[in-house]
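Encoded as structure tokens, the structure appears first; notes follow it.
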Amino acid sequence: MPEAISEPPEPSEPSESEPSASEPSAPHPRFLVAVLAFCGVVVAVMQTLVVPLLPHIPALTGATPAAASWLVTITLLTGAICTPVLGRIGDMYGKRRVLLASLGVLTAGSVLCAVSSHIGVLITGRALQGAALAVVPLGISIMRDELAPERVLSSVALMSSTLGIGAAVGLPVAALVVEHYDWHTMFWASAGLGLLDIVLVLLCVPESPLRTRGRFDALGALGLSAALVGLLLAVTQGGAWGWTSVRTLGLLVLAVLIGLLWGCYELRVTTPMVDLRVSARPAVLLANLAALLIGFAFYANSLTTAQMVQEPTSTGYGLGASLVVSGLCLLPGGLTMVALSPVSARISAAYGPKTTLVLASAVLAVGYAVRFFTSHRLWTIILGATVVAAGTAIAYSALPALVMRAVPVSETGAANGLNTLMRSVGQAFCSAAVAAVLTSLTFEAGGRTAPTLHAYLLVFVIAGGAALLALAVTLCLPRQRGRAPGSVARDRTTSLAREGA
């Protein structure tokens, strides 16, 4: 068993920035948490907003189905690249400043999608929307810096869960818009929400005085981005290109080579983009691996639920539900995530985030067992999906606490960005796996080709296996002792304030 980490090391010579006149001073913690959580929900909604629209995009824009699929793929790519990079920039140059920039990019992307029906413009807008995924780790970092230690766990739990909450809420809302309004309306609405987020952050979120000194590792950021693009392109497009095609295998080999060169470079840099020595600690490495597996397990639920209930009754298992009804199947799970995030924080405070993550992985596995045995009635499908959402809420709430206990305060943004990135990578692998299963196990039903029931059941088995693997990885985590996340940050902030006085 790896040696336990007593507490995260102190950041080396953090610098204090002078707050500008436009920055709020000492906002009420509830306002701070509410605003940041709302930002997280809006960003998560943006990630899933276009999913109900995808089948209609070729007819609405004249694009091919392959081009339309890039409306989802591009957000995954830009989100994966920007999340760790912007987290690091926030650590160095100001988290609030980068948060506002990310929300500005989201708003600009929404406006682009709202004013055009050209597939190229839509893909560009979706790329900008995806870049805003960095809002979640940035919000977690601000909470760690600004809140009292006793509030950090519950607030971070809520912020981390917004990724799942927004996805569960976004699908039914987008489905309602697609069925009853012009499809551009949802992008105008997202632009308005982005502007509202910016105003709320300006009013309620202060800039943290904690900064990481040194030069930004631009070459490291470029190398990480290139490796991620190669890996994620191969994974997301492998089904269309062929898993043994030259393009797919070439991208995978290129991603591995760039990743190795990038790792060697990062170990030599004074202020690296990602501190690989810190990332290699068992507490951080295993938490990131667990995040990848949980991201995989969670995403299978979102990908299969709506599609399964929409399958026609001629398949023998489908319910022939409408687009709106299928989206609403995920809504109870979203509400459950809101309710369980503070419960997860209490469990972490009482027994430690490792125990919480063990519980979450077990609940995820149980959820897929429910889905495997009860996939013939709408209410049992909703029940299974909600149990999976409950496990996801508990897991997403515990992961940032694990990471923050093991990294220096000066690297909170980058470390949480990397953990969020691992969830996104897990979702990319899940998307590829689900697509491969559902397109390989098919039959003719009602004059159309549809996945067999066994295909969906196999997806549930794979996702449940990922949850059990996450459980095994979590059990290998070292038990961490010492101050709760936020105490080091609070002590450092207090000392800086005293020095200023």
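Residues in the structure tokens are named by chain (A, B, ... in the order shown) and by number from 1 within that chain; ligands are numbered from 1 in the order shown.
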
Give me the residues near Val105 of chain A as a PyMOL selection string, where near means some atom within 8 Å (using only C-alpha atoms) and where sequence neighbours in that chain fewer than 3 positions away do not count. chain A and resi 101-102+108-109+128-129+131-132

Select, from A:Ala362, A:Val246, A:Leu267, A:Leu158, the residue with the minimum atom-to-atom distance to Pro342 of chain A, counting only C-alpha atoms.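 For Pro342 of chain A, the nearest of the given residues is A:Leu158.
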
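The two atoms in question, atom CA of Leu54 of chain A and atom CA of Ala393 of chain A, are spaced 27.0 Å apart.
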
Quick one: residues within 9 Å of Gly192 of chain A, only C-alpha atoms, excluding same-chain residues fewer than 4 positions away - as an MDAnalysis selection string? chainID A and resid 107 110 187:188 196:197

All residues 7 Å or closer to segment 76-85 of chain A, only C-alpha atoms, same chain fewer than 2 positions away omitted, as a CSV table (one decimal) with all heavy atoms, in the first residue's frame:
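Generated output (part_38.csv):
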```
chain,number,residue,atom,x,y,z
A,72,VAL,N,-20.8,17.5,-32.0
A,72,VAL,CA,-20.6,16.9,-30.7
A,72,VAL,C,-19.1,16.7,-30.5
A,72,VAL,O,-18.5,17.0,-29.4
A,72,VAL,CB,-21.3,15.6,-30.5
A,72,VAL,CG1,-20.9,14.9,-29.2
A,72,VAL,CG2,-22.8,15.9,-30.5
A,73,THR,N,-18.4,16.2,-31.5
A,73,THR,CA,-17.0,15.8,-31.4
A,73,THR,C,-16.1,17.0,-31.1
A,73,THR,O,-15.2,17.0,-30.3
A,73,THR,CB,-16.5,15.2,-32.7
A,73,THR,OG1,-17.3,14.0,-33.0
A,73,THR,CG2,-15.1,14.8,-32.6
A,74,ILE,N,-16.4,18.2,-31.8
A,74,ILE,CA,-15.6,19.3,-31.6
A,74,ILE,C,-15.6,19.9,-30.2
A,74,ILE,O,-14.6,20.4,-29.7
A,74,ILE,CB,-16.0,20.4,-32.7
A,74,ILE,CG1,-14.8,21.5,-32.8
A,74,ILE,CG2,-17.3,21.1,-32.3
A,74,ILE,CD1,-13.6,21.0,-33.3
A,87,GLY,N,-7.0,25.9,-16.7
A,87,GLY,CA,-6.8,25.8,-15.3
A,87,GLY,C,-5.4,26.2,-14.9
A,87,GLY,O,-5.3,26.9,-13.8
A,88,ARG,N,-4.4,25.9,-15.6
A,88,ARG,CA,-3.0,26.4,-15.3
A,88,ARG,C,-2.9,27.9,-15.5
A,88,ARG,O,-2.3,28.5,-14.6
A,88,ARG,CB,-2.1,25.6,-16.3
A,88,ARG,CG,-0.6,25.9,-16.0
A,88,ARG,CD,-0.2,25.5,-14.6
A,88,ARG,NE,1.2,25.6,-14.3
A,88,ARG,CZ,1.7,25.5,-13.1
A,88,ARG,NH1,1.0,25.2,-12.1
A,88,ARG,NH2,3.0,25.6,-12.9
A,89,ILE,N,-3.5,28.4,-16.5
A,89,ILE,CA,-3.4,29.9,-16.7
A,89,ILE,C,-4.1,30.6,-15.6
A,89,ILE,O,-3.7,31.6,-15.1
A,89,ILE,CB,-4.1,30.3,-18.1
A,89,ILE,CG1,-3.2,29.7,-19.2
A,89,ILE,CG2,-4.2,31.8,-18.2
A,89,ILE,CD1,-3.8,30.0,-20.6
A,127,ALA,N,-17.2,24.7,-31.1
A,127,ALA,CA,-15.8,24.6,-30.6
A,127,ALA,C,-15.6,25.6,-29.5
A,127,ALA,O,-15.0,25.3,-28.5
A,127,ALA,CB,-14.8,24.8,-31.7
A,130,GLY,N,-17.4,24.5,-26.3
A,130,GLY,CA,-16.7,23.4,-25.7
A,130,GLY,C,-15.5,23.9,-24.8
A,130,GLY,O,-15.2,23.3,-23.8
A,131,ALA,N,-14.9,25.0,-25.3
A,131,ALA,CA,-13.7,25.5,-24.6
A,131,ALA,C,-14.1,26.0,-23.2
A,131,ALA,O,-13.3,26.1,-22.3
A,131,ALA,CB,-13.1,26.7,-25.4
A,132,ALA,N,-15.4,26.3,-22.9
A,132,ALA,CA,-15.8,26.8,-21.6
A,132,ALA,C,-15.9,25.7,-20.6
A,132,ALA,O,-16.3,26.0,-19.4
A,132,ALA,CB,-17.2,27.5,-21.8
A,133,LEU,N,-15.6,24.5,-20.9
A,133,LEU,CA,-15.7,23.4,-19.9
A,133,LEU,C,-14.7,23.7,-18.8
A,133,LEU,O,-14.9,23.2,-17.6
A,133,LEU,CB,-15.3,22.1,-20.6
A,133,LEU,CG,-15.5,20.8,-19.7
A,133,LEU,CD1,-16.9,20.6,-19.2
A,133,LEU,CD2,-15.1,19.6,-20.5
A,134,ALA,N,-13.7,24.5,-19.0
A,134,ALA,CA,-12.8,24.9,-18.0
A,134,ALA,C,-13.4,25.6,-16.8
A,134,ALA,O,-12.8,25.8,-15.7
A,134,ALA,CB,-11.6,25.7,-18.6
A,221,ALA,N,1.9,23.2,-23.2
A,221,ALA,CA,0.5,23.3,-23.5
A,221,ALA,C,0.2,22.8,-25.0
A,221,ALA,O,-0.7,22.1,-25.2
A,221,ALA,CB,0.0,24.7,-23.4
A,225,SER,N,-1.9,19.5,-26.0
A,225,SER,CA,-3.0,19.6,-26.9
A,225,SER,C,-2.9,18.7,-28.1
A,225,SER,O,-3.8,18.1,-28.6
A,225,SER,CB,-3.1,21.1,-27.4
A,225,SER,OG,-3.3,22.0,-26.3
A,228,LEU,N,-3.6,15.1,-27.1
A,228,LEU,CA,-5.0,14.9,-26.9
A,228,LEU,C,-5.8,14.9,-28.2
A,228,LEU,O,-6.8,14.1,-28.3
A,228,LEU,CB,-5.6,16.0,-26.0
A,228,LEU,CG,-5.2,15.9,-24.5
A,228,LEU,CD1,-5.6,17.2,-23.7
A,228,LEU,CD2,-5.8,14.7,-23.8
A,229,VAL,N,-5.5,15.8,-29.1
A,229,VAL,CA,-6.2,15.8,-30.4
A,229,VAL,C,-6.1,14.5,-31.1
A,229,VAL,O,-7.0,13.9,-31.6
A,229,VAL,CB,-5.8,17.0,-31.2
A,229,VAL,CG1,-6.3,16.8,-32.7
A,229,VAL,CG2,-6.3,18.3,-30.7
A,232,LEU,N,-8.1,11.7,-29.1
A,232,LEU,CA,-9.5,11.8,-29.1
A,232,LEU,C,-10.1,11.7,-30.5
A,232,LEU,O,-11.2,11.2,-30.7
A,232,LEU,CB,-9.9,13.1,-28.4
A,232,LEU,CG,-9.6,13.1,-26.9
A,232,LEU,CD1,-10.0,14.5,-26.3
A,232,LEU,CD2,-10.4,12.0,-26.2
A,414,ALA,N,-4.9,23.6,-12.2
A,414,ALA,CA,-4.4,22.7,-13.2
A,414,ALA,C,-4.7,21.2,-12.8
A,414,ALA,O,-5.1,20.4,-13.7
A,414,ALA,CB,-2.9,22.8,-13.3
A,417,GLY,N,-8.3,20.6,-13.4
A,417,GLY,CA,-8.5,20.6,-14.8
A,417,GLY,C,-8.1,19.3,-15.4
A,417,GLY,O,-8.8,18.7,-16.3
A,418,LEU,N,-7.0,18.7,-14.9
A,418,LEU,CA,-6.6,17.4,-15.4
A,418,LEU,C,-7.6,16.3,-15.0
A,418,LEU,O,-7.9,15.4,-15.8
A,418,LEU,CB,-5.2,17.1,-14.9
A,418,LEU,CG,-4.5,15.8,-15.4
A,418,LEU,CD1,-4.3,15.8,-16.9
A,418,LEU,CD2,-3.2,15.6,-14.6
A,421,LEU,N,-10.5,16.6,-17.2
A,421,LEU,CA,-10.1,16.1,-18.5
A,421,LEU,C,-10.2,14.6,-18.6
A,421,LEU,O,-10.7,14.0,-19.6
A,421,LEU,CB,-8.6,16.5,-18.8
A,421,LEU,CG,-7.9,15.7,-20.0
A,421,LEU,CD1,-8.6,16.0,-21.3
A,421,LEU,CD2,-6.4,16.1,-20.0
A,424,SER,N,-13.6,13.5,-19.3
A,424,SER,CA,-13.9,13.7,-20.7
A,424,SER,C,-13.4,12.6,-21.5
A,424,SER,O,-14.0,12.1,-22.5
A,424,SER,CB,-13.4,15.1,-21.1
A,424,SER,OG,-14.1,16.1,-20.4
```

Excluding Val338 of chain A and residues on its chain fewer than 3 positions from it, collect all residues at most 9 Å away from it, counting only C-alpha atoms, and give them as number ranges by chain. A: 158, 161-162, 165, 333-335, 341-342, 393

Do you know which residues are at most 9 Å from Ala365 of chain A counting only C-alpha atoms, after dropping those on the same chain fewer than 6 positions away, and could you put them as a list in words? Ala297, Val388, Gly391, Ala463, Gly464, Gly465, Ala466, Ala467 and Leu468 of chain A

Can you spit out the residues from that selection as a PDB file, in the first residue's frame, using C-alpha atoms?
```pdb
ATOM      1  CA  ALA A 297     -19.698   4.529 -16.600  1.00  0.00           C
ATOM      2  CA  VAL A 388     -26.699   5.492 -11.922  1.00  0.00           C
ATOM      3  CA  GLY A 391     -23.672   7.086  -7.993  1.00  0.00           C
ATOM      4  CA  ALA A 463     -20.467   0.182 -18.001  1.00  0.00           C
ATOM      5  CA  GLY A 464     -21.052  -1.819 -14.815  1.00  0.00           C
ATOM      6  CA  GLY A 465     -17.623  -3.401 -15.295  1.00  0.00           C
ATOM      7  CA  ALA A 466     -16.091   0.074 -15.562  1.00  0.00           C
ATOM      8  CA  ALA A 467     -17.782   0.990 -12.265  1.00  0.00           C
ATOM      9  CA  LEU A 468     -16.356  -2.133 -10.597  1.00  0.00           C
TER      10      LEU A 468
END
```

Fewer than 3 positions away in the same chain doesn't count, so skip those; otherwise give me all residues within 9 Å of Ala455 of chain A, counting only C-alpha atoms, as a PyMOL selection string. chain A and resi 434+437-442+451-452+458-460

Apply DSSP to the structure's backbone, then extract all residues of segment 355-446 of chain A labelled strand (DSSP E or B) and return them as a ChimeraX atom specification. /A:442-445

Selection export as a CSV table (one decimal), in the first residue's frame, atoms kept: N, CA, C and O atoms:
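Output file out.csv follows:
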```csv
chain,number,residue,atom,x,y,z
A,442,THR,N,-27.3,-5.7,-34.5
A,442,THR,CA,-28.6,-5.1,-35.0
A,442,THR,C,-29.5,-6.2,-35.6
A,442,THR,O,-29.0,-7.3,-35.8
A,443,PHE,N,-30.7,-5.8,-35.9
A,443,PHE,CA,-31.6,-6.7,-36.6
A,443,PHE,C,-32.7,-5.8,-37.3
A,443,PHE,O,-32.8,-4.6,-37.0
A,444,GLU,N,-33.5,-6.4,-38.2
A,444,GLU,CA,-34.5,-5.7,-38.9
A,444,GLU,C,-35.8,-5.7,-38.1
A,444,GLU,O,-36.3,-6.8,-37.7
A,445,ALA,N,-36.3,-4.5,-37.8
A,445,ALA,CA,-37.6,-4.4,-37.1
A,445,ALA,C,-38.4,-3.3,-37.6
A,445,ALA,O,-38.0,-2.1,-37.6
```

Residue list (alpha helix (DSSP H), DSSP) for segment 167-290 of chain A, as JSON, numbers by chain: {"A": [167, 168, 169, 170, 171, 172, 173, 174, 175, 176, 177, 178, 179, 180, 185, 186, 187, 188, 189, 190, 191, 192, 193, 194, 195, 196, 197, 198, 199, 200, 201, 202, 203, 204, 218, 219, 220, 221, 222, 223, 224, 225, 226, 227, 228, 229, 230, 231, 232, 233, 234, 235, 236, 237, 238, 239, 240, 241, 246, 247, 248, 249, 250, 251, 252, 253, 254, 255, 256, 257, 258, 259, 260, 261, 262, 263, 264, 265, 266, 276, 277, 278, 279, 282, 283, 284, 285, 286, 287, 288, 289, 290]}
